[in-house]
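Asker: Here it is: the structure, laid out below.
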Amino acid sequence: MKQALHILAKDVRRFWPEILISLGITAAFVLIEPFRWKAQENGFDSLNSIFPGLLGLLMPVSWWVLIARVIHEERLVGNTQFWITRPYEWKRLLSSKVLFLQAFLILPLFLAQSLILSEGGFHPLSFVHGLLYSLLLLSAFLVIPLAAFAVITSTFARMTLTMLGVLLAMIAVVTVATLLFSSNVGVIAFPLRDSISFWVYLAVMAIAITLAYALRKPWISRLLLVAVPMVIGAVMGIASHFQRAYVEHRYPTTANAAFQNAPLLQLAYPPNPGATSSSSTSYGLSRATNIGVAIPLEDFGVAEGTVVIPDGIRAEITGPDGSRWESDWQLQAGYHFNPVAASDREHFNAVFMMPLHVYYKFRSKPVNVHLTFAVTEAREVREDVIPLIEGRFVVPDFGTCSAQSGGSFSAGITGIGCLSPLREPPLTFISAHWSSGPCSAGNAAAEDGVVGVSWVGSPEREAAKLNFSSVVDLHINLSNNFTDGQPITPRFLCPGAPVHFRQYGMARRTQASVDVQGYQLPEVTVEGNRVTVTNRSLRAMAQ
């Protein structure tokens, strides 16, 4: 340990200018980040918006330079370095580099994120777990890759060229894959696969760096780094074969006994959809072209105090001749099914992707479609009604919020901005009444105006997001923020108007299904290398 501390002290003396620059950029980020929040409160302020973003780019650049300098001080490539004649043990040398990065990158960022949390109105000690998780993500996706490139190169120039080469190779692979095998099918979340891929990636990168110090044979570490994307690809390929089984397990068809008598979600295909419109989508033709099939549905039967969120969709199509096709689980996002009266059903379009060559087999005649949705049910856990005030106000278990305007508070409140610590807030339904005219004492808290609503957050959240800032800046986009007449004018939120924050917690995951009989698939036109799909859609979509 004494030798490791000796090397650390030598590196501090050698690289104090780089250390000061890195710490200075981090300190400037802490000072300027709150101005971005204030810029949102008072309308778009380019000056206060640009500088935080610029510092957010300078921070990883300063880390890149510092990591390269400290590792190349005792470079591992070649056998003519002066340091190998000294009694340096590789374990001590590696430990000194780890201590250096922890002391001058990770620890300052931990303090910076704590200060940003405090400035946002949050107590840092309440979010230690999230702060540590944030540092783990930044270390995994920034510090460790930069260190890996440094140990397999001899100079900063070679490291830069190597990184550029890898970047160009990745762009080439993605471009070729997009041209030959592009697919516009969204994939339902697969947390187990993502977790396995992350830890495999982290382990291989750590092994590559450790072997570089232990053996001083860079070609071994280079081979390991080249193998990283291959290993990750293999893990994801193997996991894809178990995706359906995983989704079936995660969203069981048999609900828990506690929910047996509780209605979840009922879907129906309206026999007479009524007023419909046609919408066309055009995209490039490739070997893996999929067309989007949008089926208009109605939802009803959601219990009071609950919301149902479809996470995925799977389609089974049966033709008149008995031929069948079944899709994999696909992403179905963007809808929140709320309780509605039987006479006021909400309409939405269920969308799934079908390969073009499969479409040709079923396009001529009406088909029967069985749609299965993987859904999450969330139940209301609390509701807070807070009068809108000038300045910041606290929403329990959500974050801190403030009124947003075009220039000053007296000019009119056009929205609400909120800050959430480390990650997005819990799933929350926000609603408030708009005022179509100037605010006054008489209509400050009117309850008969047009309602603006917005969904934010998620019932499932990670401990933190991958970000230098420890505060997530949310702009609440309330609906109906403009009048319908001519000319179109903005609506305003009046001081004192109650803002409702209704939070939901996850209750269960399960499946819901609907049968659509005699459905005619959309029209598809192929011209050259372009595909145009024309679907029928209902009047409105539930969001």
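Simple scheme: letters A, B, ... for chains in structure tokens order, numbers from 1 for residues in each chain, numbers from 1 for ligands in the order shown.
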Near segment 186-199 of chain A, within 7 Å and counting only C-alpha atoms, which residues show up once chain neighbours fewer than 6 positions away are dropped, as a ChimeraX atom specification?
Answerer: /A:232,235-236,239,311-312,329-331
Asker: Need to verify the contact set: Gly518 of chain A, 8 Å, only C-alpha atoms, exclusion of same-chain residues closer than 4 positions in sequence. Can you return it as a ChimeraX atom specification?
Answerer: /A:366-368
Asker: Put those residues in a file: N, CA and C atoms, as a compact mmCIF listing (two decimals), in the first residue's frame.
Answerer:
# COMPACT_ATOMS: atom_id res chain seq x y z
N PRO A 366 -60.42 -10.85 -45.62
CA PRO A 366 -60.50 -10.52 -44.19
C PRO A 366 -59.92 -11.64 -43.33
N VAL A 367 -59.27 -11.25 -42.24
CA VAL A 367 -58.62 -12.22 -41.36
C VAL A 367 -59.15 -12.04 -39.95
N ASN A 368 -58.93 -13.03 -39.12
CA ASN A 368 -59.24 -12.95 -37.70
C ASN A 368 -57.95 -12.65 -36.95
Asker: Find the residue from A:Ala294, A:Ala303, A:Val456, A:Leu164 that sits nearest to Gln520 of chain A; use only C-alpha atoms when measuring.
Answerer: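 Nearest candidate to Gln520 of chain A out of A:Ala294, A:Ala303, A:Val456, A:Leu164: A:Ala294.
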Asker: Please report, as a VMD selection string, each residue of segment 361-501 of chain A to which DSSP assigns strand (DSSP E or B) when run on this structure's backbone.
Answerer: chain A and resid 367 to 387 392 to 395 399 to 405 413 to 421 426 428 to 433 435 451 to 456 458 471 to 476 482 490 492 to 493 498 to 501
Asker: If we count only C-alpha atoms and set the cut-off at 9 Å, which residues sit around Glu377 of chain A, ignoring sequence neighbours fewer than 4 positions away in its own chain? Please answer as a PyMOL selection string.
Answerer: chain A and resi 264+306-310+505-510
Asker: Limited to C-alpha atoms, could you put the picked residues into a file as a PDB file, in the first residue's frame?
Answerer:
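Final output, result-v4.pdb:
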ATOM      1  CA  LEU A 264     -58.527  -5.043 -15.137  1.00  0.00           C
ATOM      2  CA  THR A 306     -56.375   2.476 -11.218  1.00  0.00           C
ATOM      3  CA  VAL A 307     -54.591   3.009 -14.501  1.00  0.00           C
ATOM      4  CA  VAL A 308     -53.602   0.280 -16.945  1.00  0.00           C
ATOM      5  CA  ILE A 309     -50.488   0.687 -19.102  1.00  0.00           C
ATOM      6  CA  PRO A 310     -49.866  -1.625 -22.095  1.00  0.00           C
ATOM      7  CA  GLY A 505     -47.855   2.511  -7.540  1.00  0.00           C
ATOM      8  CA  MET A 506     -47.534  -0.766  -9.404  1.00  0.00           C
ATOM      9  CA  ALA A 507     -50.125  -3.373  -8.390  1.00  0.00           C
ATOM     10  CA  ARG A 508     -49.613  -6.247 -10.828  1.00  0.00           C
ATOM     11  CA  ARG A 509     -48.590  -7.314 -14.293  1.00  0.00           C
ATOM     12  CA  THR A 510     -50.797  -9.523 -16.383  1.00  0.00           C
TER      13      THR A 510
END
Asker: Suppose you want the space between atom CA of Asn349 of chain A and atom CA of Phe373 of chain A; what is it in Å?
Answerer: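 Spanning atom CA of Asn349 of chain A to atom CA of Phe373 of chain A is a straight-line distance of 12.7 Å.
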Asker: Which neighbours of Gly322 of chain A fall inside 12 Å, counting only C-alpha atoms, when residues of the same chain fewer than 4 positions from it are skipped, and could you give them as a list in words?
Answerer: Glu316, Ile317, Thr318, Lys361, Phe362, Val367 and Asn368 of chain A
Asker: Take the residues from that selection and write them out as a CSV table (one decimal), in the first residue's frame, keeping C-alpha atoms.
Answerer:
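Result written to again-v2.csv:
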chain,number,residue,atom,x,y,z
A,316,GLU,CA,-52.0,-13.9,-33.9
A,317,ILE,CA,-53.5,-13.8,-37.4
A,318,THR,CA,-55.7,-16.6,-38.9
A,361,LYS,CA,-50.1,-14.1,-47.6
A,362,PHE,CA,-53.0,-12.5,-45.8
A,367,VAL,CA,-58.6,-12.2,-41.4
A,368,ASN,CA,-59.2,-12.9,-37.7
Asker: Write out as a ChimeraX atom specification each polymer residue whose atoms come within 9 Å of segment 62-66 of chain A, counting only C-alpha atoms; drop sequence neighbours fewer than 6 positions from it.
Answerer: /A:15,18-19,21-22,25,101,105,142-143,146-147,156
Asker: Please produce a file of those selected residues containing N, CA and C atoms, as an mmCIF file, in the first residue's frame.
Answerer:
data_model
loop_
_atom_site.group_PDB
_atom_site.id
_atom_site.type_symbol
_atom_site.label_atom_id
_atom_site.label_comp_id
_atom_site.auth_asym_id
_atom_site.auth_seq_id
_atom_site.Cartn_x
_atom_site.Cartn_y
_atom_site.Cartn_z
ATOM 1 N N PHE A 15 0.603 15.904 -12.388
ATOM 2 C CA PHE A 15 -0.561 16.282 -13.188
ATOM 3 C C PHE A 15 -1.485 17.275 -12.468
ATOM 4 N N GLU A 18 -3.762 19.405 -14.875
ATOM 5 C CA GLU A 18 -4.910 18.680 -15.411
ATOM 6 C C GLU A 18 -5.973 18.449 -14.328
ATOM 7 N N ILE A 19 -5.509 18.185 -13.106
ATOM 8 C CA ILE A 19 -6.449 17.979 -11.995
ATOM 9 C C ILE A 19 -7.236 19.253 -11.726
ATOM 10 N N ILE A 21 -7.874 21.744 -13.755
ATOM 11 C CA ILE A 21 -8.806 22.029 -14.853
ATOM 12 C C ILE A 21 -10.052 21.166 -14.729
ATOM 13 N N SER A 22 -9.865 19.877 -14.445
ATOM 14 C CA SER A 22 -11.008 18.977 -14.296
ATOM 15 C C SER A 22 -11.893 19.388 -13.124
ATOM 16 N N ILE A 25 -13.859 22.592 -14.017
ATOM 17 C CA ILE A 25 -15.023 22.349 -14.879
ATOM 18 C C ILE A 25 -16.162 21.758 -14.064
ATOM 19 N N LEU A 101 -8.039 7.947 -9.869
ATOM 20 C CA LEU A 101 -9.316 8.207 -10.539
ATOM 21 C C LEU A 101 -10.450 8.366 -9.535
ATOM 22 N N LEU A 105 -11.785 12.091 -9.843
ATOM 23 C CA LEU A 105 -12.923 12.042 -10.754
ATOM 24 C C LEU A 105 -14.206 11.662 -10.020
ATOM 25 N N LEU A 142 -18.065 5.369 -18.926
ATOM 26 C CA LEU A 142 -17.149 6.443 -19.288
ATOM 27 C C LEU A 142 -15.740 6.188 -18.779
ATOM 28 N N VAL A 143 -15.573 6.017 -17.461
ATOM 29 C CA VAL A 143 -14.234 5.875 -16.895
ATOM 30 C C VAL A 143 -13.575 4.582 -17.355
ATOM 31 N N LEU A 146 -12.576 4.490 -21.154
ATOM 32 C CA LEU A 146 -11.427 5.358 -21.405
ATOM 33 C C LEU A 146 -10.146 4.746 -20.848
ATOM 34 N N ALA A 147 -10.236 4.155 -19.655
ATOM 35 C CA ALA A 147 -9.061 3.496 -19.079
ATOM 36 C C ALA A 147 -8.639 2.309 -19.931
ATOM 37 N N PHE A 156 -1.384 9.678 -26.052
ATOM 38 C CA PHE A 156 -2.724 10.251 -26.178
ATOM 39 C C PHE A 156 -3.171 10.275 -27.638
#
Asker: Restricting the calculation to only C-alpha atoms: of A:Ile413, A:Pro495, A:Leu422, A:His6, which residue gets closest to Gln113 of chain A?
Answerer: A:Leu422
Asker: Please, what distance in Å, to one decimal, runs between atom CA of Pro421 of chain A and atom CA of Leu136 of chain A?
Answerer: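 That distance, rounded to one decimal, is 16.6 Å.
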Asker: Go through A:Val61, A:Ser96, A:Tyr251, A:Lys38 one by one, measure the shortest atom-to-atom distance of each to Ala403 of chain A using only C-alpha atoms, and give the residue with the smallest value.
Answerer: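 So, comparing all the options, the nearest one is A:Lys38.
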Asker: Between A:Phe141, A:Phe82, A:Phe29, A:Phe122, which one has atoms that come closest to Leu466 of chain A, using only C-alpha atoms?
Answerer: A:Phe141
